[in-house]
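Working notes, structure below.
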Protein chains: 2
Amino acid sequence: MSPWETQLRKGLVELAVLATMVDGEAYGYGIVERLRELEGLEFTESTVYPVLARLARDGFLAIRAERSPSGPMRRYYRLTPEGEKRFREMTKSWRTVSASLADLLEGARG
Amino acid sequence: MSPWETQLRKGLVELAVLATMVDGEAYGYGIVERLRELEGLEFTESTVYPVLARLARDGFLAIRAERSPSGPMRRYYRLTPEGEKRFREMTKSWRTVSASLADLLEGARG
DNA sequence: GGTCGGTACTTTGTATTGCGAGGTAGTGAG
DNA sequence: CTCACTACCTCGCAATACAAAGTACCGACC
């Protein structure tokens, strides 16, 4: 992954991770696998796990452990009310920035 | 600016800056002013100038100095062929990531 | 002459973050 | 008992956004 592509995705990991658990709880490894299917959002475990830990530490996620049918224990994360708020705010910001940048690229011959 | 908003924009500065000079040369202060008009892309001089310096150092921009009608000398930047290539690549990557994230947010109740 | 606001560029230091590399461990198949 | 897959975690490096602070040029106004 080229360094500028890495930079381009900075900050998006958190939003992407939050998005994966809006419809219900999710666990780390599963999140990585799910995001891997989305072009440009192929994050590794080294990236996702620390994000989950940080979000949980800051009260945006609650954790529940459960046995896996095929490996070590899974740690399921789900959004707390603060987490949902955070998700909504980030989504809004994202849409704003995204729209502005789209306008800028539109105006240029790009 | 909240820290996560800062992170959300990481890597976008470079693309935004490149976009401002696709249609012709531009100078630092002017770029800052122009971006300030776009919601979510209000970068400060502390952010933009280092980006310009880095892009020039890496051969993506060429520099030309010219007197300003109202202040110190301006340094006009324009895209080199490598710069145009970089801009096209970044734009493409951006559209990909943006589309994937939009899909993800769409799928979620967001 | 002096001050002030606006223009224009630069540097230093701090706080975050993405991720490669490497590690631990449970599980079932062969 | 080895191998592949699942599942989690941590260290260390490289990269970056930005506040803060500084320098300098200019015209206007008193």
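Simple scheme: letters A, B, ... for chains in structure tokens order, numbers from 1 for residues in each chain, numbers from 1 for ligands in the order shown.
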
Residues of chain D within 9 Å of chain B, only C-alpha atoms (C1' of nucleotides) counted, as a list in words
DT16, DA17, DC18, DA19, DA24, DC25, DC26 and DG27 of chain D

With the cut-off set at 7 Å and counting only C-alpha atoms, tabulate each residue of chain A with an atom at most that distance from an atom of chain B, showing the nearest atom pair and its distance in Å to one decimal, ordered by chain and increasing number, as a Markdown table.
| residue | atom | partner | partner_atom | distance |
| --- | --- | --- | --- | --- |
| A:Trp4 | CA | B:Gly11 | CA | 6.7 |
| A:Gln7 | CA | B:Gly11 | CA | 4.5 |
| A:Leu8 | CA | B:Gly11 | CA | 4.3 |
| A:Lys10 | CA | B:Lys10 | CA | 5.8 |
| A:Gly11 | CA | B:Leu8 | CA | 4.3 |
| A:Leu12 | CA | B:Leu8 | CA | 6.0 |
| A:Ala16 | CA | B:Leu101 | CA | 6.9 |
| A:Ala19 | CA | B:Leu105 | CA | 6.2 |
| A:Val22 | CA | B:Ala108 | CA | 5.9 |
| A:Asp23 | CA | B:Ala108 | CA | 6.1 |
| A:Leu38 | CA | B:Ser100 | CA | 5.8 |
| A:Glu39 | CA | B:Ser100 | CA | 6.2 |
| A:Gly40 | CA | B:Val97 | CA | 4.7 |
| A:Leu41 | CA | B:Val97 | CA | 6.6 |
| A:Thr96 | CA | B:Gly40 | CA | 6.2 |
| A:Val97 | CA | B:Gly40 | CA | 4.7 |
| A:Ser100 | CA | B:Leu38 | CA | 5.8 |
| A:Leu101 | CA | B:Ala16 | CA | 6.9 |
| A:Leu104 | CA | B:Ala19 | CA | 6.7 |
| A:Leu105 | CA | B:Ala19 | CA | 6.2 |
| A:Ala108 | CA | B:Val22 | CA | 5.9 |
| A:Arg109 | CA | B:Val22 | CA | 6.9 |
| A:Gly110 | CA | B:Arg88 | CA | 6.9 |

Counting only C-alpha atoms, which of A:Ala26, A:Ile31, A:Leu61, A:Leu52 gets nearest to Gly83 (chain A)?
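Closest to Gly83 (chain A), using only C-alpha atoms: A:Leu61.
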
Hey, list the chain C side of the contact with chain A: 9 Å cut-off, only C-alpha atoms (C1' of nucleotides), answer as a list in words.
DT17, DG18, DC19, DG20, DA25, DG26, DT27 and DG28 of chain C

Best match for closeness to Arg74 (chain B) among C:DA8, C:DA29, C:DA21, C:DA15, counting only C-alpha atoms (C1' of nucleotides):
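Answer, going by the shortest atom-to-atom distance: C:DA8.
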
Can you measure CA of Leu79 (chain B) to CA of Phe60 (chain B) for me? One decimal in Å is fine.
6.0 Å

DSSP strand (DSSP E) residues within chain B, as a list in words:
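Strand (DSSP E) assignments inside chain B correspond to Ala26, Tyr27, Leu61, Ala62, Ile63, Arg64, Ala65, Glu66, Arg67, Ser68, Gly71, Pro72, Met73, Arg74, Arg75, Tyr76, Tyr77, Arg78 and Leu79 of chain B.
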
Please produce a file of those selected residues containing C-alpha atoms, as a compact mmCIF listing (two decimals), in the first residue's frame.
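part-v5.txt was written with the following content:
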# COMPACT_ATOMS: atom_id res chain seq x y z
CA ALA B 26 -1.93 28.87 -7.63
CA TYR B 27 -0.10 30.28 -4.62
CA LEU B 61 5.01 20.84 -8.38
CA ALA B 62 7.10 23.51 -10.08
CA ILE B 63 7.55 26.94 -8.52
CA ARG B 64 7.58 30.43 -9.94
CA ALA B 65 7.92 33.60 -7.86
CA GLU B 66 6.06 36.77 -8.68
CA ARG B 67 5.46 40.11 -7.04
CA SER B 68 2.18 40.52 -5.29
CA GLY B 71 2.20 42.14 -0.06
CA PRO B 72 5.34 40.03 -0.14
CA MET B 73 6.33 37.92 -3.13
CA ARG B 74 3.98 35.13 -4.05
CA ARG B 75 5.18 31.67 -4.88
CA TYR B 76 3.08 30.21 -7.67
CA TYR B 77 2.91 26.45 -7.94
CA ARG B 78 1.86 24.43 -10.95
CA LEU B 79 1.58 20.70 -11.62

Give me, as a VMD selection string, all polymer residues having an atom no more than 12 Å from DC29 (chain D), counting only C-alpha atoms (C1' of nucleotides) and skipping those fewer than 4 positions away in the same chain.
chain C and resid 2 to 5

Write a file of the selected residues as a PDB file, in the first residue's frame, keeping N, CA and C atoms (P, O5', C5', C4', C3', O3' and C1' of nucleotides).
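Result saved to again14.pdb:
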ATOM      1  P    DG C   2       9.407  56.831  13.801  1.00  0.00           P
ATOM      2  O5'  DG C   2       7.903  56.370  14.072  1.00  0.00           O
ATOM      3  C5'  DG C   2       7.026  57.240  14.787  1.00  0.00           C
ATOM      4  C4'  DG C   2       5.657  56.595  14.935  1.00  0.00           C
ATOM      5  C3'  DG C   2       5.734  55.070  15.126  1.00  0.00           C
ATOM      6  O3'  DG C   2       4.823  54.687  16.150  1.00  0.00           O
ATOM      7  C1'  DG C   2       4.359  55.590  13.267  1.00  0.00           C
ATOM      8  P    DT C   3       4.834  53.211  16.746  1.00  0.00           P
ATOM      9  O5'  DT C   3       3.345  52.747  16.457  1.00  0.00           O
ATOM     10  C5'  DT C   3       2.282  53.706  16.549  1.00  0.00           C
ATOM     11  C4'  DT C   3       1.067  53.190  15.804  1.00  0.00           C
ATOM     12  C3'  DT C   3       0.826  51.678  15.945  1.00  0.00           C
ATOM     13  O3'  DT C   3      -0.532  51.463  16.257  1.00  0.00           O
ATOM     14  C1'  DT C   3       0.802  52.294  13.673  1.00  0.00           C
ATOM     15  P    DC C   4      -0.985  50.057  16.909  1.00  0.00           P
ATOM     16  O5'  DC C   4      -2.084  49.584  15.869  1.00  0.00           O
ATOM     17  C5'  DC C   4      -2.904  50.547  15.205  1.00  0.00           C
ATOM     18  C4'  DC C   4      -3.435  49.962  13.914  1.00  0.00           C
ATOM     19  C3'  DC C   4      -3.621  48.441  13.956  1.00  0.00           C
ATOM     20  O3'  DC C   4      -4.938  48.108  13.538  1.00  0.00           O
ATOM     21  C1'  DC C   4      -2.384  49.070  12.027  1.00  0.00           C
ATOM     22  P    DG C   5      -5.529  46.646  13.933  1.00  0.00           P
ATOM     23  O5'  DG C   5      -6.032  46.093  12.527  1.00  0.00           O
ATOM     24  C5'  DG C   5      -6.779  46.937  11.651  1.00  0.00           C
ATOM     25  C4'  DG C   5      -6.601  46.467  10.222  1.00  0.00           C
ATOM     26  C3'  DG C   5      -6.814  44.961  10.030  1.00  0.00           C
ATOM     27  O3'  DG C   5      -7.583  44.756   8.852  1.00  0.00           O
ATOM     28  C1'  DG C   5      -4.672  45.565   9.225  1.00  0.00           C
TER      29       DG C   5
END
